[in-house]
Amino acid sequence: MRLHIMVPSIITTFFFFFFFILLLYGSFMAALVTAMNTSEAVLIRVDWTGRGDFTKIQDAIDAVPSNNAEVVFIWVKPGIYREKIVVPADKPYITLCGSGVTKTIVTWREGVDIFKSATISVLAPYFVGQLLTIENTYGVSAQAVALRVEGDLVAFYACNIVSYQDTLLDDVGRHYYHNCYIEGATDFICGNGASLFQRCHLHSTSEYHGSITAQHRESALDNTGFTFYGCNITSVAPAFLGRPWAAYSRVVFAITYMSDMIIPQGWDDWNRNKSERSTVYYGEYMCYGPGASTSKRVDWSKRLTHDEVVPFLNWDMLGGKSWLRPIPRKFKKPGFM
């Protein structure tokens, strides 16, 4: 089952992209963005048929100068791109925009190593991805990451992210996911990011008691965790909402639909003892659907009040929204090519 988002025209694609950029940056980062000329963007076209500036996505990323200070819009034309892609840490402000999740597919097949197997690895700040399918087709035998996100202040809009185990390694930094479809079976949203998932569809393909999340917060002092707000959860078989990858794992589901395949106890302790279970923070607020009843939830999870959930539904953990850059008024040819 996949959520497919259709894009009627290229004009709609451009406006759809920047309209959804409502993210989060701290005051210092906001000042840096404000100082940039964000009213226009450098346009690079990728087309596997040879009708663009590059035929491969990685070649387009490699062409962006180190310590880039301009918004670079890499538009990927329809096609299947069989590539393993890395966005280096010294190349900020890149946008990778496909032509729709059914039209632009980035695929790779690699497994075993959670940190090295990713189809796309984003290590740079200020990255935006949208209108893409990102998949790892390695299968069920090992960890196989489709998307690894380690850059700070990164956003994904209207993307399909698909694999089996550890599909999305939301590794380090502050991240925002909007209207994305994320599919997997075992711990398929994992890592220690500080991340907000809004209006996303989470689909578990586990055949037996898989966990949707495995958040990796290691200390009570870490301002990290996953918040799912206004999302939709479906599954082909009974599944847990999450289990603790680390002792201070933190996950909140708010106003989210849960299908009848959510296991009534909700959360798995991953064989942790009583003291370790007391340090995790797993909360639910006003969720609905046949799997949302909290009457049989584990006693170490929380039924959140309005006041308790508010901090997870604002932008403070993500550094505010002041980093947002405006819709570009025009596009220009790259001066570095």
# chains A, B, ... in the order shown; residues from 1 in each chain; ligands from 1
call {"tool": "closest_atom_pairs", "arguments": {"of": "segment 165-202 of chain A", "to": "segment 226-229 of chain A", "cutoff": "12 Å", "atoms": "only C-alpha atoms", "output": "CSV"}}
result
residue,atom,partner,partner_atom,distance
A:Leu169,CA,A:Phe226,CA,11.9
A:Asp170,CA,A:Phe226,CA,9.2
A:Asp171,CA,A:Phe226,CA,11.3
A:Val172,CA,A:Phe226,CA,11.8
A:Gly173,CA,A:Phe226,CA,11.6
A:Arg174,CA,A:Phe226,CA,10.1
A:His175,CA,A:Phe226,CA,9.6
A:Tyr176,CA,A:Thr227,CA,9.8
A:Tyr177,CA,A:Phe228,CA,9.5
A:His178,CA,A:Tyr229,CA,9.9
A:Asn179,CA,A:Tyr229,CA,10.8
A:Cys180,CA,A:Phe228,CA,11.7
A:Ile189,CA,A:Phe226,CA,9.1
A:Cys190,CA,A:Phe226,CA,9.1
A:Gly191,CA,A:Phe226,CA,9.2
A:Asn192,CA,A:Phe226,CA,8.4
A:Gly193,CA,A:Phe226,CA,7.2
A:Ala194,CA,A:Phe226,CA,6.1
A:Ser195,CA,A:Phe226,CA,5.1
A:Leu196,CA,A:Thr227,CA,4.9
A:Phe197,CA,A:Phe228,CA,4.8
A:Gln198,CA,A:Tyr229,CA,4.9
A:Arg199,CA,A:Tyr229,CA,6.5
A:Cys200,CA,A:Phe228,CA,7.9
A:His201,CA,A:Phe228,CA,10.0
A:Leu202,CA,A:Phe228,CA,9.8
call {"tool": "select_by_dssp", "arguments": {"residues": "segment 59-308 of chain A", "states": "helix (DSSP H, G or I)", "output": "ChimeraX atom specification"}}
result
/A:59-63,274-277,306-308
call {"tool": "closest_residue", "arguments": {"among": "A:Val128, A:Trp270, A:Gln215, A:Glu207", "to": "Asp166 of chain A", "atoms": "only C-alpha atoms"}}
result
A:Gln215
call {"tool": "closest_residue", "arguments": {"among": "A:Phe336, A:Trp315, A:Phe188, A:Trp75", "to": "Val145 of chain A", "atoms": "only C-alpha atoms"}}
result
A:Phe188
call {"tool": "closest_residue", "arguments": {"among": "A:Ser206, A:Val87, A:Asn273, A:Ile255", "to": "Leu304 of chain A", "atoms": "only C-alpha atoms"}}
result
A:Ile255
call {"tool": "atom_distance", "arguments": {"atom1": "atom CA of Pro290 of chain A", "atom2": "atom CA of Ile182 of chain A"}}
result
20.7 Å
call {"tool": "residues_around", "arguments": {"residues": "Phe73 of chain A", "least_positions_apart": "4", "cutoff": "8 Å", "atoms": "only C-alpha atoms", "output": "mmCIF file with N, CA and C atoms, in the first residue's frame"}}
result
data_model
loop_
_atom_site.group_PDB
_atom_site.id
_atom_site.type_symbol
_atom_site.label_atom_id
_atom_site.label_comp_id
_atom_site.auth_asym_id
_atom_site.auth_seq_id
_atom_site.Cartn_x
_atom_site.Cartn_y
_atom_site.Cartn_z
ATOM 1 N N ALA A 41 16.807 31.142 -7.046
ATOM 2 C CA ALA A 41 17.547 29.905 -6.819
ATOM 3 C C ALA A 41 18.278 29.502 -8.089
ATOM 4 N N VAL A 42 19.414 28.882 -7.898
ATOM 5 C CA VAL A 42 20.151 28.277 -9.003
ATOM 6 C C VAL A 42 19.416 27.004 -9.417
ATOM 7 N N LEU A 43 19.140 26.865 -10.699
ATOM 8 C CA LEU A 43 18.397 25.714 -11.202
ATOM 9 C C LEU A 43 19.323 24.753 -11.935
ATOM 10 N N ILE A 44 19.335 23.494 -11.476
ATOM 11 C CA ILE A 44 20.061 22.416 -12.158
ATOM 12 C C ILE A 44 19.049 21.334 -12.514
ATOM 13 N N ILE A 94 20.664 22.883 -0.500
ATOM 14 C CA ILE A 94 20.262 22.144 -1.697
ATOM 15 C C ILE A 94 18.813 21.680 -1.553
ATOM 16 N N THR A 95 18.053 21.851 -2.616
ATOM 17 C CA THR A 95 16.720 21.275 -2.719
ATOM 18 C C THR A 95 16.748 20.216 -3.804
ATOM 19 N N LEU A 96 16.263 19.021 -3.483
ATOM 20 C CA LEU A 96 16.165 17.936 -4.448
ATOM 21 C C LEU A 96 14.678 17.693 -4.700
ATOM 22 N N CYS A 97 14.217 18.089 -5.870
ATOM 23 C CA CYS A 97 12.791 18.037 -6.175
ATOM 24 C C CYS A 97 12.534 17.115 -7.344
#
call {"tool": "closest_residue", "arguments": {"among": "A:Val112, A:Ala69, A:Cys287, A:Ile57", "to": "Arg45 of chain A", "atoms": "only C-alpha atoms"}}
result
A:Ile57
call {"tool": "residues_around", "arguments": {"residues": "segment 78-81 of chain A", "least_positions_apart": "6", "cutoff": "6 Å", "atoms": "only C-alpha atoms", "output": "list in words"}}
result
Ser99, Lys103, Thr104, Ile105 and Val106 of chain A
call {"tool": "write_last_selection", "arguments": {"atoms": "C-alpha atoms", "output": "tab-separated table (two decimals), in the first residue's frame"}}
result
chain	number	residue	atom	x	y	z
A	99	SER	CA	8.41	15.29	-10.60
A	103	LYS	CA	7.42	9.60	-11.64
A	104	THR	CA	10.80	10.17	-9.97
A	105	ILE	CA	12.16	7.10	-8.16
A	106	VAL	CA	15.58	6.89	-6.53
call {"tool": "decode", "arguments": {"residues": "segment 54-133 of chain A", "atoms": "C-alpha atoms", "output": "short mmCIF file (atom, residue, chain, number, x, y, z; two decimals), in the first residue's frame"}}
result
data_model
loop_
_atom_site.label_atom_id
_atom_site.label_comp_id
_atom_site.auth_asym_id
_atom_site.auth_seq_id
_atom_site.Cartn_x
_atom_site.Cartn_y
_atom_site.Cartn_z
CA PHE A 54 23.24 15.96 -15.80
CA THR A 55 22.02 12.41 -16.20
CA LYS A 56 22.76 11.43 -12.57
CA ILE A 57 21.63 13.06 -9.34
CA GLN A 58 24.98 12.57 -7.62
CA ASP A 59 26.76 14.37 -10.46
CA ALA A 60 24.49 17.38 -9.94
CA ILE A 61 25.21 17.41 -6.21
CA ASP A 62 28.95 17.05 -6.85
CA ALA A 63 28.81 20.14 -9.07
CA VAL A 64 27.60 22.34 -6.20
CA PRO A 65 30.59 24.15 -4.66
CA SER A 66 31.68 23.38 -1.11
CA ASN A 67 30.36 25.88 1.43
CA ASN A 68 27.70 26.90 -1.05
CA ALA A 69 25.79 30.04 0.00
CA GLU A 70 23.00 30.03 -2.60
CA VAL A 71 19.75 28.10 -2.78
CA VAL A 72 20.33 25.35 -5.35
CA PHE A 73 17.22 23.74 -6.82
CA ILE A 74 17.98 20.36 -8.39
CA TRP A 75 14.96 19.38 -10.45
CA VAL A 76 14.92 15.65 -11.23
CA LYS A 77 12.89 14.75 -14.32
CA PRO A 78 10.75 11.57 -14.41
CA GLY A 79 12.65 8.31 -14.39
CA ILE A 80 14.13 5.55 -12.27
CA TYR A 81 17.52 6.63 -10.91
CA ARG A 82 19.56 3.68 -9.68
CA GLU A 83 22.00 5.58 -7.50
CA LYS A 84 23.45 5.70 -4.03
CA ILE A 85 23.45 9.40 -3.17
CA VAL A 86 25.31 11.42 -0.53
CA VAL A 87 24.72 15.12 0.16
CA PRO A 88 28.00 16.14 1.88
CA ALA A 89 28.01 18.19 5.06
CA ASP A 90 29.73 21.13 3.34
CA LYS A 91 26.96 21.60 0.73
CA PRO A 92 24.00 23.34 2.41
CA TYR A 93 20.89 24.90 0.84
CA ILE A 94 20.26 22.14 -1.70
CA THR A 95 16.72 21.28 -2.72
CA LEU A 96 16.17 17.94 -4.45
CA CYS A 97 12.79 18.04 -6.17
CA GLY A 98 11.33 15.21 -8.20
CA SER A 99 8.41 15.29 -10.60
CA GLY A 100 6.07 13.27 -8.36
CA VAL A 101 6.45 10.11 -6.29
CA THR A 102 5.16 7.91 -9.10
CA LYS A 103 7.42 9.60 -11.64
CA THR A 104 10.80 10.17 -9.97
CA ILE A 105 12.16 7.10 -8.16
CA VAL A 106 15.58 6.89 -6.53
CA THR A 107 16.43 3.27 -5.80
CA TRP A 108 19.34 1.24 -4.47
CA ARG A 109 19.85 -2.26 -3.12
CA GLU A 110 22.21 -2.59 -0.15
CA GLY A 111 21.92 -3.94 3.37
CA VAL A 112 23.55 -5.04 6.65
CA ASP A 113 25.24 -1.77 7.74
CA ILE A 114 22.73 0.72 9.13
CA PHE A 115 25.02 3.72 8.59
CA LYS A 116 26.37 2.80 5.16
CA SER A 117 23.46 1.16 3.34
CA ALA A 118 21.26 4.22 2.74
CA THR A 119 20.01 4.99 -0.74
CA ILE A 120 20.17 8.72 0.11
CA SER A 121 22.30 10.12 2.94
CA VAL A 122 21.74 13.77 3.83
CA LEU A 123 24.65 15.12 5.87
CA ALA A 124 24.22 18.81 4.99
CA PRO A 125 22.05 21.42 6.74
CA TYR A 126 19.21 23.32 5.04
CA PHE A 127 18.41 20.41 2.72
CA VAL A 128 14.90 19.96 1.32
CA GLY A 129 13.62 16.88 -0.50
CA GLN A 130 10.24 16.57 -2.14
CA LEU A 131 8.10 14.74 -4.67
CA LEU A 132 10.41 11.71 -4.73
CA THR A 133 10.23 8.02 -4.01
#
